[in-house]
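final.cif (mmCIF, C-alpha atoms) appears below.
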data_entry
#
loop_
_atom_site.label_atom_id
_atom_site.label_comp_id
_atom_site.auth_asym_id
_atom_site.auth_seq_id
_atom_site.Cartn_x
_atom_site.Cartn_y
_atom_site.Cartn_z
CA MET A 2 215.53 31.52 79.83
CA GLN A 3 217.67 29.38 82.09
CA ARG A 4 219.95 31.07 84.51
CA ARG A 5 223.00 29.51 82.83
CA ASP A 6 222.05 31.01 79.48
CA PHE A 7 221.33 34.34 81.04
CA VAL A 8 224.79 34.45 82.62
CA LYS A 9 226.39 33.51 79.31
CA MET A 10 224.48 36.25 77.56
CA LEU A 11 225.51 38.74 80.22
CA PHE A 12 229.16 37.89 79.63
CA ALA A 13 228.77 38.18 75.89
CA VAL A 14 227.11 41.57 76.08
CA SER A 15 229.61 43.01 78.55
CA ALA A 16 232.53 41.72 76.47
CA LEU A 17 231.11 43.41 73.41
CA ALA A 18 230.62 46.66 75.27
CA LEU A 19 234.21 46.67 76.54
CA VAL A 20 236.00 45.98 73.28
CA PRO A 21 235.64 49.33 71.50
CA VAL A 22 236.58 51.34 74.59
CA ARG A 23 239.75 49.32 75.07
CA ALA A 24 240.65 49.57 71.42
CA PHE A 25 240.42 53.35 71.61
CA ALA A 26 242.33 53.62 74.86
CA ALA A 27 245.12 51.51 73.43
CA MET A 28 245.46 53.77 70.44
CA TRP A 29 246.45 56.92 72.32
CA ASN A 30 250.16 56.82 73.16
CA VAL A 31 250.00 57.69 76.87
CA ASN A 32 253.74 57.23 77.50
CA ALA A 33 254.75 59.57 74.70
CA PHE A 34 252.11 62.25 75.30
CA GLU A 35 252.52 62.40 79.08
CA SER A 36 256.33 62.59 78.94
CA THR A 37 257.68 65.80 80.40
CA LYS A 38 261.03 65.51 78.62
CA LEU A 39 261.68 65.58 74.90
CA ASN A 40 263.83 62.44 75.00
CA SER A 41 261.28 60.34 76.85
CA ALA A 42 258.57 61.51 74.45
CA LEU A 43 260.77 60.36 71.56
CA ASN A 44 261.34 57.04 73.32
CA GLY A 45 257.59 56.65 73.72
CA LEU A 46 257.21 57.08 69.98
CA GLY A 47 259.99 54.57 69.30
CA ILE A 48 262.14 57.26 67.68
CA THR A 49 265.87 56.76 68.14
CA GLU A 50 268.25 57.99 65.48
CA ILE A 51 267.17 61.23 63.82
CA LYS A 52 268.77 62.85 60.79
CA ALA A 53 268.30 66.51 59.91
CA SER A 54 266.64 67.07 56.55
CA LYS A 55 266.23 70.14 54.37
CA GLN A 56 263.28 68.45 52.67
CA ILE A 57 261.10 69.20 55.68
CA THR A 58 259.85 72.75 55.97
CA ILE A 59 258.25 74.34 59.00
CA ILE A 60 256.48 77.65 58.56
CA ALA A 61 255.87 79.36 61.89
CA PRO A 62 256.21 82.93 63.13
CA ASP A 63 259.66 84.06 64.35
CA LYS A 64 257.88 85.79 67.22
CA ALA A 65 254.53 84.75 68.66
CA GLU A 66 252.60 87.45 70.51
CA ASN A 67 250.39 84.87 72.20
CA GLY A 68 251.71 81.41 73.02
CA ALA A 69 248.17 80.04 73.35
CA VAL A 70 247.72 80.05 69.59
CA VAL A 71 250.75 79.61 67.33
CA GLN A 72 249.96 78.54 63.79
CA ILE A 73 252.46 76.15 62.28
CA GLU A 74 252.65 74.59 58.84
CA VAL A 75 254.75 71.49 58.19
CA ARG A 76 255.49 69.88 54.85
CA SER A 77 257.70 66.91 54.07
CA GLU A 78 258.98 66.58 50.50
CA ILE A 79 260.56 63.21 51.32
CA ALA A 80 258.91 60.48 49.25
CA ASN A 81 256.88 57.92 51.23
CA THR A 82 256.66 60.00 54.39
CA GLU A 83 254.49 57.86 56.66
CA SER A 84 254.02 59.93 59.76
CA LEU A 85 254.77 63.27 61.35
CA ALA A 86 255.37 64.13 65.00
CA ILE A 87 255.33 67.73 66.22
CA LEU A 88 257.20 68.53 69.42
CA VAL A 89 257.91 71.68 71.42
CA GLU A 90 260.94 71.06 73.58
CA ASN A 91 260.19 73.61 76.32
CA ASN A 92 256.51 72.76 76.80
CA PRO A 93 255.41 70.93 80.00
CA THR A 94 254.65 67.94 77.76
CA PRO A 95 256.74 68.30 74.59
CA LEU A 96 254.75 66.02 72.28
CA ILE A 97 252.02 68.08 70.62
CA ALA A 98 250.66 65.78 67.97
CA HIS A 99 251.37 62.72 65.88
CA PHE A 100 249.89 62.29 62.39
CA VAL A 101 249.88 59.12 60.29
CA PHE A 102 249.31 59.60 56.55
CA SER A 103 247.59 56.92 54.49
CA GLU A 104 247.44 56.65 50.72
CA GLY A 105 245.70 59.73 49.33
CA ALA A 106 247.00 62.22 51.89
CA ASP A 107 250.05 64.43 51.37
CA ALA A 108 252.63 64.82 54.12
CA TYR A 109 251.33 68.28 54.92
CA ILE A 110 249.66 69.69 58.05
CA VAL A 111 248.65 73.11 59.27
CA THR A 112 247.53 73.42 62.88
CA ARG A 113 247.62 75.75 65.87
CA ILE A 114 249.61 74.85 68.95
CA LYS A 115 250.25 76.11 72.50
CA MET A 116 253.74 77.22 73.48
CA ALA A 117 254.64 77.80 77.12
CA GLU A 118 257.82 79.74 76.31
CA THR A 119 260.38 80.40 73.60
CA SER A 120 261.41 77.06 72.12
CA ASP A 121 262.31 75.10 69.05
CA VAL A 122 259.37 73.55 67.25
CA GLN A 123 260.54 70.19 65.93
CA ALA A 124 258.95 68.15 63.18
CA ILE A 125 260.02 64.51 62.88
CA VAL A 126 258.88 62.36 59.99
CA LYS A 127 259.11 58.61 59.56
CA VAL A 128 260.16 57.15 56.21
CA GLY A 129 260.53 53.37 56.28
CA ASN A 130 262.77 52.67 59.28
CA GLN A 131 264.35 56.10 59.28
CA TYR A 132 263.51 59.37 60.99
CA PHE A 133 264.20 62.84 59.63
CA SER A 134 263.64 66.16 61.32
CA ALA A 135 263.65 69.93 61.01
CA LYS A 136 263.47 72.64 63.65
CA LYS A 137 262.19 76.19 63.79
CA ARG A 138 262.79 78.60 66.67
CA VAL A 139 259.72 80.50 67.84
CA GLU A 140 260.10 83.33 70.33
CA VAL A 141 257.09 83.52 72.62
CA LEU A 142 256.28 86.93 74.08
CA GLU A 143 253.33 85.86 76.22
CA ASN A 144 252.95 82.26 77.34
CA GLY A 145 249.89 80.24 76.54
CA CYS A 146 249.92 77.27 78.81
CA GLY A 147 248.53 78.63 82.08
CA MET B 29 231.64 77.28 69.65
CA ALA B 30 231.08 74.18 71.76
CA ASP B 31 230.00 71.04 69.94
CA THR B 32 230.46 72.62 66.56
CA MET B 33 232.57 71.52 63.66
CA LYS B 34 233.26 73.50 60.53
CA MET B 35 234.73 71.89 57.45
CA ARG B 36 235.68 72.87 53.94
CA ALA B 37 237.21 70.78 51.14
CA ARG B 38 238.30 72.54 47.97
CA LEU B 39 239.90 70.96 44.91
CA LYS B 40 242.40 73.09 43.02
CA ASP B 41 245.17 71.96 40.64
CA GLY B 42 244.72 68.32 41.66
CA VAL B 43 245.06 68.95 45.38
CA THR B 44 242.11 69.02 47.74
CA GLU B 45 242.69 71.28 50.71
CA VAL B 46 240.61 70.19 53.70
CA LYS B 47 240.19 72.67 56.55
CA VAL B 48 238.66 71.61 59.84
CA LEU B 49 237.71 73.71 62.85
CA ILE B 50 236.45 71.89 65.96
CA GLY B 51 234.83 73.62 68.91
CA HIS B 52 236.57 72.14 71.96
CA PRO B 53 238.04 73.64 75.18
CA MET B 54 241.30 71.61 74.97
CA GLU B 55 241.90 71.92 78.73
CA THR B 56 245.38 70.75 79.75
CA GLY B 57 244.47 69.77 83.32
CA ARG B 58 247.08 72.27 84.58
CA ARG B 59 244.92 75.39 84.54
CA LYS B 60 243.12 76.69 87.65
CA ASN B 61 239.85 78.57 87.85
CA ASP B 62 239.28 81.78 89.86
CA PHE B 63 238.86 79.74 93.06
CA GLY B 64 242.18 77.93 92.65
CA ASP B 65 240.60 74.62 91.68
CA VAL B 66 242.28 72.68 88.93
CA ILE B 67 240.16 72.51 85.79
CA PRO B 68 240.11 68.83 84.75
CA ALA B 69 241.89 67.84 81.56
CA ASN B 70 239.50 67.81 78.63
CA PHE B 71 241.19 67.48 75.27
CA ILE B 72 240.85 65.67 71.98
CA GLN B 73 243.13 62.62 71.77
CA LEU B 74 242.18 60.95 68.51
CA VAL B 75 241.27 62.43 65.15
CA SER B 76 240.73 60.44 62.00
CA ALA B 77 239.86 61.51 58.49
CA SER B 78 238.52 59.41 55.65
CA LEU B 79 237.76 59.94 51.98
CA ASN B 80 234.63 58.10 50.80
CA GLY B 81 235.00 55.86 53.86
CA LYS B 82 238.66 55.01 53.25
CA PRO B 83 241.09 56.21 55.96
CA VAL B 84 243.51 58.93 54.82
CA LEU B 85 244.78 60.51 58.03
CA ASP B 86 245.02 59.35 61.65
CA ALA B 87 246.13 61.72 64.35
CA GLN B 88 246.84 61.58 68.06
CA TRP B 89 246.81 64.87 69.89
CA GLY B 90 248.16 65.95 73.26
CA THR B 91 247.22 68.96 75.36
CA GLY B 92 249.45 71.19 73.23
CA ILE B 93 246.90 71.69 70.47
CA SER B 94 245.20 75.07 70.88
CA LYS B 95 241.64 75.57 72.08
CA ASN B 96 239.09 75.15 69.28
CA PRO B 97 241.52 73.07 67.20
CA TYR B 98 242.29 74.01 63.63
CA LEU B 99 243.64 71.53 61.10
CA THR B 100 244.44 71.67 57.40
CA PHE B 101 245.51 68.64 55.36
CA HIS B 102 245.86 67.86 51.66
CA LEU B 103 244.37 65.00 49.65
CA ASN B 104 245.87 64.12 46.27
CA ASN B 105 243.28 61.85 44.69
CA ALA B 106 239.91 63.31 45.66
CA LYS B 107 237.32 64.35 43.10
CA VAL B 108 234.53 66.92 43.23
CA GLY B 109 231.60 65.37 45.11
CA ASP B 110 233.76 62.97 47.13
CA ILE B 111 232.96 62.90 50.83
CA VAL B 112 235.57 63.79 53.45
CA GLN B 113 234.71 62.67 56.97
CA VAL B 114 236.44 63.64 60.21
CA ASN B 115 235.85 61.94 63.58
CA TRP B 116 237.32 62.83 66.94
CA THR B 117 237.37 61.38 70.47
CA ASP B 118 238.47 63.25 73.60
CA ASN B 119 239.98 61.98 76.86
CA GLN B 120 236.54 61.99 78.50
CA GLY B 121 235.16 59.67 75.83
CA LYS B 122 233.15 62.32 74.04
CA THR B 123 233.09 62.07 70.27
CA GLY B 124 232.30 64.32 67.35
CA ALA B 125 232.01 63.91 63.62
CA GLY B 126 231.63 66.02 60.54
CA GLU B 127 231.57 65.52 56.81
CA ILE B 128 231.77 67.67 53.73
CA ALA B 129 231.67 67.14 49.97
CA VAL B 130 234.66 68.21 47.90
CA THR B 131 233.94 71.31 45.81
CA ALA B 132 235.90 72.99 43.03
CA ALA B 133 237.81 76.05 44.18
#
Show me this structure written as C-alpha coordinates.
Amino acid sequence: MQRRDFVKMLFAVSALALVPVRAFAAMWNVNAFESTKLNSALNGLGITEIKASKQITIIAPDKAENGAVVQIEVRSEIANTESLAILVENNPTPLIAHFVFSEGADAYIVTRIKMAETSDVQAIVKVGNQYFSAKKRVEVLENGCG
Amino acid sequence: MADTMKMRARLKDGVTEVKVLIGHPMETGRRKNDFGDVIPANFIQLVSASLNGKPVLDAQWGTGISKNPYLTFHLNNAKVGDIVQVNWTDNQGKTGAGEIAVTAA
(Lines of atoms letter the chains of each structure in order from A and count residues from 1; the text may use other names and numbers.)
(Lines give C-alpha, C1' and ligand atoms only; values in the text may rest on other atoms or scores of the structure.)
Protein backbone atom coordinates (compact mmCIF):
# COMPACT_ATOMS: atom_id res chain seq x y z
CA MET A 1 0.00 0.00 0.00
CA GLN A 2 1.27 3.46 -0.86
CA ARG A 3 1.68 5.94 1.90
CA ARG A 4 -0.90 8.25 0.29
CA ASP A 5 -3.53 5.51 0.33
CA PHE A 6 -2.68 4.59 3.87
CA VAL A 7 -3.19 8.17 5.02
CA LYS A 8 -6.51 8.35 3.19
CA MET A 9 -7.63 5.13 4.81
CA LEU A 10 -6.58 6.42 8.21
CA PHE A 11 -8.74 9.50 7.73
CA ALA A 12 -11.68 7.43 6.59
CA VAL A 13 -11.49 5.10 9.56
CA SER A 14 -11.10 7.86 12.13
CA ALA A 15 -14.00 9.80 10.60
CA LEU A 16 -16.19 6.73 10.86
CA ALA A 17 -15.20 6.16 14.45
CA LEU A 18 -16.02 9.75 15.43
CA VAL A 19 -19.45 10.03 13.87
CA PRO A 20 -21.54 7.93 16.27
CA VAL A 21 -19.97 9.48 19.37
CA ARG A 22 -20.72 12.99 18.12
CA ALA A 23 -24.25 12.05 17.16
CA PHE A 24 -24.89 10.80 20.68
CA ALA A 25 -23.27 13.77 22.38
CA ALA A 26 -25.37 16.14 20.31
CA MET A 27 -28.55 14.41 21.36
CA TRP A 28 -28.28 15.14 25.08
CA ASN A 29 -29.48 18.67 25.82
CA VAL A 30 -26.56 19.90 27.93
CA ASN A 31 -27.86 23.48 28.27
CA ALA A 32 -31.24 22.39 29.56
CA PHE A 33 -30.05 19.62 31.87
CA GLU A 34 -27.19 21.59 33.43
CA SER A 35 -29.31 24.69 34.10
CA THR A 36 -29.59 25.50 37.77
CA LYS A 37 -32.71 27.64 37.34
CA LEU A 38 -36.12 26.53 36.15
CA ASN A 39 -36.38 29.33 33.59
CA SER A 40 -33.04 28.63 31.97
CA ALA A 41 -33.89 24.92 31.80
CA LEU A 42 -37.13 25.85 30.01
CA ASN A 43 -35.17 28.12 27.66
CA GLY A 44 -32.82 25.24 26.92
CA LEU A 45 -35.80 23.14 25.91
CA GLY A 46 -37.18 25.95 23.75
CA ILE A 47 -40.27 26.24 25.94
CA THR A 48 -41.70 29.74 26.17
CA GLU A 49 -45.41 30.21 26.69
CA ILE A 50 -47.00 27.58 28.91
CA LYS A 51 -50.71 27.11 29.55
CA ALA A 52 -52.08 25.21 32.54
CA SER A 53 -54.11 22.16 31.61
CA LYS A 54 -56.43 19.92 33.59
CA GLN A 55 -55.90 17.19 31.01
CA ILE A 56 -52.48 16.45 32.47
CA THR A 57 -52.46 14.45 35.67
CA ILE A 58 -49.53 13.96 38.01
CA ILE A 59 -49.78 11.27 40.65
CA ALA A 60 -47.15 11.71 43.34
CA PRO A 61 -47.17 11.47 47.13
CA ASP A 62 -48.22 14.57 49.10
CA LYS A 63 -45.36 13.81 51.47
CA ALA A 64 -42.20 11.93 50.56
CA GLU A 65 -40.34 10.30 53.44
CA ASN A 66 -37.19 9.96 51.37
CA GLY A 67 -36.35 12.49 48.66
CA ALA A 68 -33.93 10.05 47.01
CA VAL A 69 -36.79 8.01 45.60
CA VAL A 70 -40.09 9.70 44.81
CA GLN A 71 -42.34 7.80 42.44
CA ILE A 72 -44.29 9.96 40.04
CA GLU A 73 -46.83 9.08 37.39
CA VAL A 74 -47.70 11.50 34.59
CA ARG A 75 -50.44 11.15 32.01
CA SER A 76 -51.50 13.56 29.30
CA GLU A 77 -55.01 13.17 27.89
CA ILE A 78 -54.34 15.89 25.30
CA ALA A 79 -54.52 14.40 21.80
CA ASN A 80 -51.24 14.33 19.87
CA THR A 81 -49.03 14.91 22.89
CA GLU A 82 -45.52 14.73 21.44
CA SER A 83 -43.24 15.08 24.40
CA LEU A 84 -43.12 15.40 28.16
CA ALA A 85 -40.64 17.26 30.35
CA ILE A 86 -40.49 16.67 34.11
CA LEU A 87 -39.03 19.43 36.26
CA VAL A 88 -38.51 19.96 39.99
CA GLU A 89 -38.14 23.66 40.62
CA ASN A 90 -36.13 23.46 43.86
CA ASN A 91 -33.62 20.82 42.72
CA PRO A 92 -29.99 21.86 42.04
CA THR A 93 -30.71 21.13 38.36
CA PRO A 94 -34.48 21.39 37.85
CA LEU A 95 -34.80 19.37 34.63
CA ILE A 96 -35.25 15.71 35.55
CA ALA A 97 -36.17 14.09 32.27
CA HIS A 98 -37.52 14.69 28.80
CA PHE A 99 -39.51 12.04 26.94
CA VAL A 100 -40.47 12.05 23.25
CA PHE A 101 -43.35 9.78 22.27
CA SER A 102 -43.52 8.22 18.82
CA GLU A 103 -46.47 6.51 17.19
CA GLY A 104 -47.46 3.50 19.27
CA ALA A 105 -46.63 4.98 22.68
CA ASP A 106 -49.17 6.65 24.96
CA ALA A 107 -48.33 9.94 26.68
CA TYR A 108 -47.84 8.14 29.97
CA ILE A 109 -44.76 7.69 32.16
CA VAL A 110 -44.06 6.33 35.61
CA THR A 111 -40.59 6.89 37.04
CA ARG A 112 -38.75 7.58 40.28
CA ILE A 113 -37.02 10.89 40.84
CA LYS A 114 -34.75 12.62 43.37
CA MET A 115 -36.01 15.67 45.25
CA ALA A 116 -33.62 17.86 47.23
CA GLU A 117 -36.40 19.61 49.16
CA THR A 118 -40.11 20.37 49.16
CA SER A 119 -41.04 21.59 45.69
CA ASP A 120 -43.56 21.59 42.90
CA VAL A 121 -43.15 18.78 40.41
CA GLN A 122 -44.02 20.20 37.01
CA ALA A 123 -44.96 18.26 33.90
CA ILE A 124 -44.88 20.14 30.60
CA VAL A 125 -46.14 18.55 27.40
CA LYS A 126 -45.71 19.68 23.83
CA VAL A 127 -48.65 19.54 21.42
CA GLY A 128 -47.86 21.02 18.01
CA ASN A 129 -46.39 24.44 18.77
CA GLN A 130 -48.03 24.75 22.16
CA TYR A 131 -46.98 23.80 25.67
CA PHE A 132 -49.30 22.74 28.48
CA SER A 133 -48.43 22.00 32.06
CA ALA A 134 -49.60 20.74 35.43
CA LYS A 135 -48.00 20.93 38.86
CA LYS A 136 -48.07 18.84 42.00
CA ARG A 137 -46.61 19.89 45.34
CA VAL A 138 -44.52 17.24 47.08
CA GLU A 139 -43.36 17.81 50.64
CA VAL A 140 -39.96 16.21 51.22
CA LEU A 141 -39.18 15.15 54.78
CA GLU A 142 -35.64 13.92 54.14
CA ASN A 143 -33.65 15.19 51.17
CA GLY A 144 -32.24 12.85 48.59
CA CYS A 145 -29.67 14.77 46.67
CA GLY A 146 -26.59 14.64 48.91
CA MET B 1 -27.76 -4.71 40.79
CA ALA B 2 -24.99 -3.32 38.62
CA ASP B 3 -25.17 -4.08 34.92
CA THR B 4 -28.57 -5.67 35.21
CA MET B 5 -31.77 -4.82 33.46
CA LYS B 6 -35.18 -6.23 34.25
CA MET B 7 -38.07 -5.86 31.86
CA ARG B 8 -41.69 -6.91 31.64
CA ALA B 9 -44.27 -6.22 28.91
CA ARG B 10 -47.87 -7.22 29.55
CA LEU B 11 -50.82 -6.74 27.22
CA LYS B 12 -54.18 -6.11 28.85
CA ASP B 13 -57.29 -4.48 27.34
CA GLY B 14 -55.34 -3.31 24.29
CA VAL B 15 -52.61 -1.57 26.26
CA THR B 16 -49.17 -3.04 26.76
CA GLU B 17 -47.57 -1.93 29.99
CA VAL B 18 -43.78 -2.03 29.77
CA LYS B 19 -41.82 -1.88 33.03
CA VAL B 20 -38.07 -1.39 33.03
CA LEU B 21 -35.62 -1.50 35.92
CA ILE B 22 -31.98 -0.65 35.18
CA GLY B 23 -29.13 -1.24 37.61
CA HIS B 24 -27.16 2.02 37.58
CA PRO B 25 -25.64 4.24 40.34
CA MET B 26 -27.00 7.52 38.85
CA GLU B 27 -24.30 9.59 40.58
CA THR B 28 -24.97 13.32 40.36
CA GLY B 29 -21.33 14.43 40.62
CA ARG B 30 -22.25 16.44 43.74
CA ARG B 31 -21.92 13.65 46.30
CA LYS B 32 -18.76 13.12 48.36
CA ASN B 33 -17.36 9.87 49.71
CA ASP B 34 -16.19 9.31 53.31
CA PHE B 35 -12.86 10.98 52.52
CA GLY B 36 -14.47 14.15 51.18
CA ASP B 37 -13.64 13.38 47.56
CA VAL B 38 -16.30 14.19 45.01
CA ILE B 39 -17.75 11.06 43.43
CA PRO B 40 -17.68 11.67 39.66
CA ALA B 41 -20.98 12.06 37.84
CA ASN B 42 -22.15 8.76 36.42
CA PHE B 43 -25.70 8.80 35.14
CA ILE B 44 -27.79 7.61 32.24
CA GLN B 45 -28.40 10.36 29.67
CA LEU B 46 -30.19 8.63 26.82
CA VAL B 47 -32.84 5.92 26.84
CA SER B 48 -34.66 4.68 23.80
CA ALA B 49 -37.35 2.07 23.40
CA SER B 50 -38.49 0.33 20.25
CA LEU B 51 -41.24 -2.10 19.30
CA ASN B 52 -40.15 -4.71 16.74
CA GLY B 53 -37.28 -2.37 15.83
CA LYS B 54 -39.47 0.71 15.34
CA PRO B 55 -38.78 3.59 17.77
CA VAL B 56 -41.62 4.31 20.21
CA LEU B 57 -40.03 6.33 23.00
CA ASP B 58 -36.90 8.48 23.27
CA ALA B 59 -35.82 9.89 26.59
CA GLN B 60 -33.11 12.18 27.90
CA TRP B 61 -32.38 11.96 31.59
CA GLY B 62 -30.57 14.26 33.99
CA THR B 63 -29.09 13.49 37.39
CA GLY B 64 -32.54 13.76 38.99
CA ILE B 65 -33.61 10.24 38.10
CA SER B 66 -33.22 7.95 41.12
CA LYS B 67 -30.51 5.32 41.51
CA ASN B 68 -31.40 2.06 39.75
CA PRO B 69 -33.86 3.83 37.43
CA TYR B 70 -37.42 2.62 37.11
CA LEU B 71 -39.59 3.39 34.11
CA THR B 72 -43.08 2.39 33.01
CA PHE B 73 -44.57 3.31 29.64
CA HIS B 74 -47.61 2.21 27.64
CA LEU B 75 -47.79 0.93 24.07
CA ASN B 76 -51.12 0.97 22.25
CA ASN B 77 -50.54 -1.23 19.21
CA ALA B 78 -48.35 -4.09 20.44
CA LYS B 79 -49.38 -7.73 20.11
CA VAL B 80 -48.45 -10.81 22.12
CA GLY B 81 -45.02 -11.98 20.95
CA ASP B 82 -43.89 -8.54 19.78
CA ILE B 83 -40.42 -7.56 20.94
CA VAL B 84 -39.83 -4.47 23.07
CA GLN B 85 -36.23 -3.30 23.18
CA VAL B 86 -34.69 -0.70 25.49
CA ASN B 87 -31.21 0.80 25.06
CA TRP B 88 -29.42 3.26 27.30
CA THR B 89 -26.19 5.30 27.24
CA ASP B 90 -24.64 7.04 30.25
CA ASN B 91 -22.44 10.14 30.47
CA GLN B 92 -19.32 7.96 30.58
CA GLY B 93 -20.23 6.31 27.29
CA LYS B 94 -21.31 3.02 28.81
CA THR B 95 -24.32 1.38 27.20
CA GLY B 96 -26.85 -1.25 28.11
CA ALA B 97 -29.67 -3.02 26.35
CA GLY B 98 -32.52 -5.34 27.13
CA GLU B 99 -35.43 -6.88 25.32
CA ILE B 100 -38.59 -8.73 26.22
CA ALA B 101 -41.49 -10.31 24.35
CA VAL B 102 -44.99 -9.02 25.02
CA THR B 103 -47.09 -11.49 27.02
CA ALA B 104 -50.79 -11.57 27.85
CA ALA B 105 -51.58 -10.37 31.35
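Among the candidates A:Ser134, A:Asn81, A:Thr58, A:Gln72, the residue lying nearest to chain B is A:Gln72 (atoms considered: only C-alpha atoms).
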Worksheet item: Restricting the calculation to only C-alpha atoms, which member of A:Lys52, A:Arg138, A:Arg76, A:Lys38 is positioned closest to Asn92 in chain A?
Response: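 Residue with the minimum atom-to-atom distance to Asn92 in chain A: A:Lys38.
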Worksheet entry | Atom-to-atom span, CA of Lys82 in chain B and CA of Lys107 in chain B, Å |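 Separation of CA of Lys82 in chain B and CA of Lys107 in chain B: 13.9 Å.
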Item to complete: Using only C-alpha atoms, collect all residues at a distance of at most 12 Å from (257.8, 56.7, 71.1) as written in the file, then present them as a PyMOL selection string.
Response: chain A and resi 29-36+39-50+86+88+96+98-99+125+127+132
Discussion item. Taking only C-alpha atoms into account and nothing else, which residues of chain A lie no more than 10 Å away from chain B? Please answer as a VMD selection string.
Written reply: chain A and resid 22 25 to 26 28 to 31 33 to 35 68 to 72 74 84 to 89 92 to 117 145 to 147
Using the file's own x, y and z axes, so that the box edges lie along x, y and z, what centre and edge lengths in Å (one decimal) does a box around every listed atom of range 72-89 of chain B get when 4 Å is added on each side? Give it as JSON.
{"center_x": 240.7, "center_y": 60.3, "center_z": 61.4, "size_x": 20.2, "size_y": 18.7, "size_z": 29.2}
Fill in: Selection result for the PyMOL selection byres ((chain A and resi 59) around 8) on this file, as a PyMOL selection string
chain A and resi 57-58+60-61+73-76+124+135-137
Worksheet item: Between CA of Pro53 in chain B and CA of Glu90 in chain A, what is the distance, to one decimal in Å?
Response: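 Those two atoms sit 23.1 Å apart.
The two atoms in question, CA of Val130 in chain B and CA of Asp41 in chain B, are spaced 13.3 Å apart.
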Worksheet item: Which residue, B:Val112, B:Ile128, B:Ile67, B:Met33, has the smallest gap to Asn80 in chain B when you use only C-alpha atoms?
Response: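 Result for the nearest residue to Asn80 in chain B: B:Val112.
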